[in-house]
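See below for the structure under consideration.
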Amino acid sequence: MTSLGSRFMRKMKGAMLSWMPGMLTCMEFEIFLIDYMEGTLPAGQRRVFEFHIKICRECREYLAAYRYTIELAGRAYDDGSAPLPDEVPEDLVKAILAARNC
Amino acid sequence: MVQDRESDDSRLVDAIRRREPGSFEHLVRRYGARLLATGRRILRDTQLAEDCLQETFIKAFDKLDMFEGRSGLGTWLHSIMVNQALMKLRKDKPGRLEQIDDLMPQFDSDTCRIEAPWSYLATPDELLEQQQSRQLVQSQIEQLPENYRIVLQLRDIEEHDTATVAEILGITQGAVKVRLHRARAALKALLEPLLRGEEMP
């Protein structure tokens, strides 16, 4: 598609999402995204949000990459290379207790 | 279970206030490992995290009278630990991004999202199999400014709920959500070449 054609299509899309009932603009989608990810978006808004995912390629692909980012962050450190402590080293416990004469 | 833990905690706090032998040690052993893990994740340095743990328990002991039991004992201790760790981090500030505005999602004048087509999107399973990509993810997380990284760490890595993160950081839940979203969006932008299967810059 020519860039003129694609600009026209985006204008049409922007107008449709702004004015048609039951639609969200991409900017509104971004605001809803926070509560959608928290699972606290009310049912009606969730339906509108999920409909936007179906009709908007940009937001659908953005959301997929955003979800993978969260998963990557959550799992990036559990490789066992720097295991987190199960307990406090004994000398550190002693140092803490000694500092307050406990 | 939660109630058991809460009544256990309040008995323990009373015992420490009465200076009962062994009670403070019990507190250190009950919460120390989790706090140390948090400190190590923030500071990326075992020695600094251990110093921080020591300061946290000393502070907690001295301020125990101020603990009102509105938040859980674990959350209260966590909040002291996180603040101590952030203070250390500020003293020794490495080369991080100062702001993330340029990494935020882009929209055109018609409020439509600008997002280049994703012809390929690598899955977390694929990426985390390779140690090199795992380290890249870690290094990009560590580039985030600390007020964003800390929210991402507490919420997405340590998996505390939003209310607990808000209590630990002393900010509203709304502020946690907004900061978390900005942190995730910035990290997505930083990881984009990796996720698209391209060379990282």
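Chain labels A, B, ... are given in the sequence in which chains occur in the structure tokens; within each chain residues are numbered consecutively from 1, and ligands are likewise numbered from 1 in the order shown.
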
Set out as a Markdown table a contact list for chain A and chain B with a cut-off of 8 Å, giving each residue of chain A that qualifies its closest atom pair and distance in Å to one decimal, counting only C-alpha atoms, ordered by chain and rising residue number.
| residue | atom | partner | partner_atom | distance |
| --- | --- | --- | --- | --- |
| A:Arg10 | CA | B:Cys112 | CA | 7.0 |
| A:Lys11 | CA | B:Asp110 | CA | 6.1 |
| A:Lys13 | CA | B:Cys112 | CA | 7.6 |
| A:Gly14 | CA | B:Asp110 | CA | 5.0 |
| A:Ala15 | CA | B:Asp110 | CA | 7.3 |
| A:Thr25 | CA | B:Thr111 | CA | 6.4 |
| A:Cys26 | CA | B:Cys112 | CA | 5.3 |
| A:Met27 | CA | B:Thr111 | CA | 5.8 |
| A:Ile34 | CA | B:His181 | CA | 6.3 |
| A:Glu58 | CA | B:Glu115 | CA | 5.4 |
| A:Cys59 | CA | B:Arg113 | CA | 6.8 |
| A:Glu61 | CA | B:Trp118 | CA | 6.6 |
| A:Tyr62 | CA | B:Glu115 | CA | 6.9 |
| A:Ala65 | CA | B:Lys188 | CA | 6.8 |
| A:Tyr66 | CA | B:Lys188 | CA | 5.8 |
| A:Tyr68 | CA | B:Pro124 | CA | 6.2 |
| A:Thr69 | CA | B:Lys188 | CA | 5.5 |
| A:Ile70 | CA | B:Arg184 | CA | 6.7 |
| A:Glu71 | CA | B:Pro124 | CA | 6.8 |
| A:Leu72 | CA | B:Pro124 | CA | 5.7 |
| A:Ala73 | CA | B:Ile157 | CA | 6.5 |
| A:Gly74 | CA | B:Ile157 | CA | 4.4 |
| A:Arg75 | CA | B:Ile157 | CA | 7.3 |
| A:Ala76 | CA | B:Arg134 | CA | 5.6 |
| A:Tyr77 | CA | B:Gln138 | CA | 7.2 |
| A:Leu84 | CA | B:Ala37 | CA | 5.5 |
| A:Pro85 | CA | B:Ala33 | CA | 5.8 |
| A:Asp86 | CA | B:Ala33 | CA | 5.7 |
| A:Glu87 | CA | B:Ala33 | CA | 4.6 |
| A:Val88 | CA | B:Ala33 | CA | 5.2 |
| A:Leu92 | CA | B:Glu50 | CA | 7.4 |
| A:Val93 | CA | B:Val28 | CA | 7.0 |
| A:Ala95 | CA | B:Gln54 | CA | 7.6 |
| A:Ile96 | CA | B:Gln54 | CA | 5.5 |
| A:Leu97 | CA | B:Glu25 | CA | 6.8 |
| A:Ala99 | CA | B:Ile58 | CA | 7.3 |
| A:Arg100 | CA | B:Ile58 | CA | 6.9 |
| A:Cys102 | CA | B:Phe24 | CA | 6.6 |

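Of the residues under consideration (B:Gln84, B:Val151, B:Lys63, B:Leu194), B:Val151 shows the shortest atom-to-atom contact distance to Ala175 of chain B when counting only C-alpha atoms.
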
Could you give me, as an MDAnalysis selection string, each residue of segment 108-158 of chain B that DSSP assigns to helix (DSSP H, G or I) when run on this structure's backbone? chainID B and resid 124:129 131:143 146:157

Please dump the current selection as a short mmCIF file (atom, residue, chain, number, x, y, z; two decimals), in the first residue's frame; keep N, CA and C atoms.
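Dumped to out_11.cif:
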data_model
loop_
_atom_site.label_atom_id
_atom_site.label_comp_id
_atom_site.auth_asym_id
_atom_site.auth_seq_id
_atom_site.Cartn_x
_atom_site.Cartn_y
_atom_site.Cartn_z
N PRO B 124 9.60 -16.70 25.36
CA PRO B 124 10.48 -16.70 26.53
C PRO B 124 11.22 -18.04 26.68
N ASP B 125 10.54 -19.16 26.38
CA ASP B 125 11.20 -20.47 26.49
C ASP B 125 12.44 -20.54 25.60
N GLU B 126 12.26 -20.12 24.35
CA GLU B 126 13.39 -20.13 23.40
C GLU B 126 14.54 -19.28 23.94
N LEU B 127 14.19 -18.07 24.37
CA LEU B 127 15.23 -17.11 24.76
C LEU B 127 15.95 -17.54 26.04
N LEU B 128 15.18 -18.06 27.00
CA LEU B 128 15.80 -18.36 28.29
C LEU B 128 16.64 -19.63 28.27
N GLU B 129 16.50 -20.38 27.17
CA GLU B 129 17.37 -21.56 27.01
C GLU B 129 18.83 -21.14 26.85
N GLN B 131 21.93 -18.90 27.75
CA GLN B 131 22.45 -18.12 28.86
C GLN B 131 22.71 -16.67 28.44
N GLN B 132 23.14 -16.52 27.17
CA GLN B 132 23.48 -15.19 26.70
C GLN B 132 22.24 -14.27 26.67
N SER B 133 21.10 -14.81 26.20
CA SER B 133 19.89 -13.97 26.18
C SER B 133 19.41 -13.69 27.59
N ARG B 134 19.54 -14.68 28.46
CA ARG B 134 19.13 -14.48 29.85
C ARG B 134 19.91 -13.30 30.48
N GLN B 135 21.23 -13.30 30.18
CA GLN B 135 22.04 -12.21 30.73
C GLN B 135 21.66 -10.87 30.11
N LEU B 136 21.29 -10.91 28.82
CA LEU B 136 20.85 -9.67 28.16
C LEU B 136 19.59 -9.13 28.82
N VAL B 137 18.65 -10.03 29.14
CA VAL B 137 17.42 -9.60 29.80
C VAL B 137 17.78 -8.97 31.14
N GLN B 138 18.64 -9.65 31.90
CA GLN B 138 19.04 -9.12 33.21
C GLN B 138 19.68 -7.74 33.05
N SER B 139 20.57 -7.61 32.05
CA SER B 139 21.28 -6.34 31.93
C SER B 139 20.32 -5.22 31.50
N GLN B 140 19.30 -5.55 30.72
CA GLN B 140 18.34 -4.50 30.33
C GLN B 140 17.47 -4.10 31.53
N ILE B 141 17.09 -5.08 32.36
CA ILE B 141 16.31 -4.75 33.57
C ILE B 141 17.15 -3.80 34.44
N GLU B 142 18.44 -4.11 34.52
CA GLU B 142 19.30 -3.30 35.40
C GLU B 142 19.57 -1.90 34.85
N GLN B 143 19.27 -1.70 33.58
CA GLN B 143 19.42 -0.36 33.01
C GLN B 143 18.29 0.57 33.41
N GLU B 146 16.10 3.40 38.86
CA GLU B 146 15.81 2.56 40.02
C GLU B 146 14.35 2.59 40.48
N ASN B 147 13.65 3.75 40.34
CA ASN B 147 12.25 3.76 40.82
C ASN B 147 11.35 2.89 39.95
N TYR B 148 11.76 2.63 38.72
CA TYR B 148 11.00 1.71 37.86
C TYR B 148 11.45 0.27 38.11
N ARG B 149 12.76 0.10 38.20
CA ARG B 149 13.29 -1.26 38.39
C ARG B 149 12.76 -1.88 39.68
N ILE B 150 12.67 -1.05 40.73
CA ILE B 150 12.27 -1.59 42.02
C ILE B 150 10.81 -2.10 41.97
N VAL B 151 9.95 -1.36 41.26
CA VAL B 151 8.55 -1.80 41.16
C VAL B 151 8.47 -3.09 40.35
N LEU B 152 9.23 -3.13 39.26
CA LEU B 152 9.25 -4.33 38.41
C LEU B 152 9.78 -5.53 39.21
N GLN B 153 10.80 -5.27 40.01
CA GLN B 153 11.37 -6.37 40.81
C GLN B 153 10.38 -6.90 41.83
N LEU B 154 9.75 -5.98 42.57
CA LEU B 154 8.84 -6.42 43.63
C LEU B 154 7.60 -7.09 43.04
N ARG B 155 7.10 -6.56 41.92
CA ARG B 155 5.83 -7.07 41.39
C ARG B 155 6.04 -8.26 40.46
N ASP B 156 6.93 -8.14 39.48
CA ASP B 156 7.04 -9.18 38.44
C ASP B 156 8.09 -10.24 38.77
N ILE B 157 9.08 -9.90 39.57
CA ILE B 157 10.12 -10.89 39.86
C ILE B 157 9.85 -11.56 41.21
#

With a distance cut-off of 12 Å and only C-alpha atoms, select the neighbouring residues of Leu41 of chain A, excluding the residue or stretch itself and same-chain residues fewer than 5 positions from it, and output the selection as an mmCIF file with N, CA and C atoms, in the first residue's frame.
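Below is the file that was written, result10.cif:
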data_model
loop_
_atom_site.group_PDB
_atom_site.id
_atom_site.type_symbol
_atom_site.label_atom_id
_atom_site.label_comp_id
_atom_site.auth_asym_id
_atom_site.auth_seq_id
_atom_site.Cartn_x
_atom_site.Cartn_y
_atom_site.Cartn_z
ATOM 1 N N PHE A 29 -6.782 2.123 25.058
ATOM 2 C CA PHE A 29 -6.361 0.730 25.262
ATOM 3 C C PHE A 29 -5.156 0.702 26.209
ATOM 4 N N ILE A 31 -4.379 2.794 28.487
ATOM 5 C CA ILE A 31 -4.778 3.105 29.873
ATOM 6 C C ILE A 31 -5.467 1.895 30.504
ATOM 7 N N PHE A 32 -6.317 1.212 29.730
ATOM 8 C CA PHE A 32 -7.021 0.027 30.236
ATOM 9 C C PHE A 32 -6.058 -1.129 30.507
ATOM 10 N N LEU A 33 -4.951 -1.122 29.773
ATOM 11 C CA LEU A 33 -4.004 -2.255 29.847
ATOM 12 C C LEU A 33 -3.541 -2.531 31.282
ATOM 13 N N ILE A 34 -3.346 -1.465 32.046
ATOM 14 C CA ILE A 34 -2.847 -1.623 33.418
ATOM 15 C C ILE A 34 -3.819 -2.502 34.211
ATOM 16 N N ASP A 35 -5.101 -2.137 34.191
ATOM 17 C CA ASP A 35 -6.079 -2.906 34.970
ATOM 18 C C ASP A 35 -6.379 -4.261 34.331
ATOM 19 N N TYR A 36 -6.245 -4.332 33.014
ATOM 20 C CA TYR A 36 -6.452 -5.629 32.345
ATOM 21 C C TYR A 36 -5.410 -6.623 32.851
ATOM 22 N N ARG A 46 -13.698 -4.983 29.909
ATOM 23 C CA ARG A 46 -12.830 -6.074 29.433
ATOM 24 C C ARG A 46 -13.261 -6.543 28.050
ATOM 25 N N ARG A 47 -14.594 -6.604 27.840
ATOM 26 C CA ARG A 47 -15.094 -7.023 26.521
ATOM 27 C C ARG A 47 -14.662 -6.033 25.440
ATOM 28 N N VAL A 48 -14.782 -4.735 25.765
ATOM 29 C CA VAL A 48 -14.387 -3.707 24.795
ATOM 30 C C VAL A 48 -12.876 -3.810 24.511
ATOM 31 N N PHE A 49 -12.122 -4.023 25.582
ATOM 32 C CA PHE A 49 -10.664 -4.153 25.465
ATOM 33 C C PHE A 49 -10.311 -5.343 24.563
ATOM 34 N N GLU A 50 -10.976 -6.471 24.827
ATOM 35 C CA GLU A 50 -10.653 -7.685 24.061
ATOM 36 C C GLU A 50 -11.110 -7.567 22.602
#

For the atom pair atom CA of Ala85 of chain B and atom CA of Leu103 of chain B, what is the interatomic distance in Å to one decimal place? 26.1 Å

What is the distance between atom CA of Arg18 of chain B and atom CA of Glu68 of chain B, in Å to one decimal? 16.0 Å

Report the distance between atom CA of Asp78 of chain A and atom CA of Leu43 of chain B in Å, rounded to one decimal place.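 Value for the atom CA of Asp78 of chain A-atom CA of Leu43 of chain B distance: 16.6 Å.
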
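Excluding Phe51 of chain A itself and same-chain residues fewer than 5 positions from it, the residues having an atom within 10 Å of it are A:Gly22, A:Met23, A:Leu24, A:Gln45, A:Arg46, A:Cys56, counting only C-alpha atoms.
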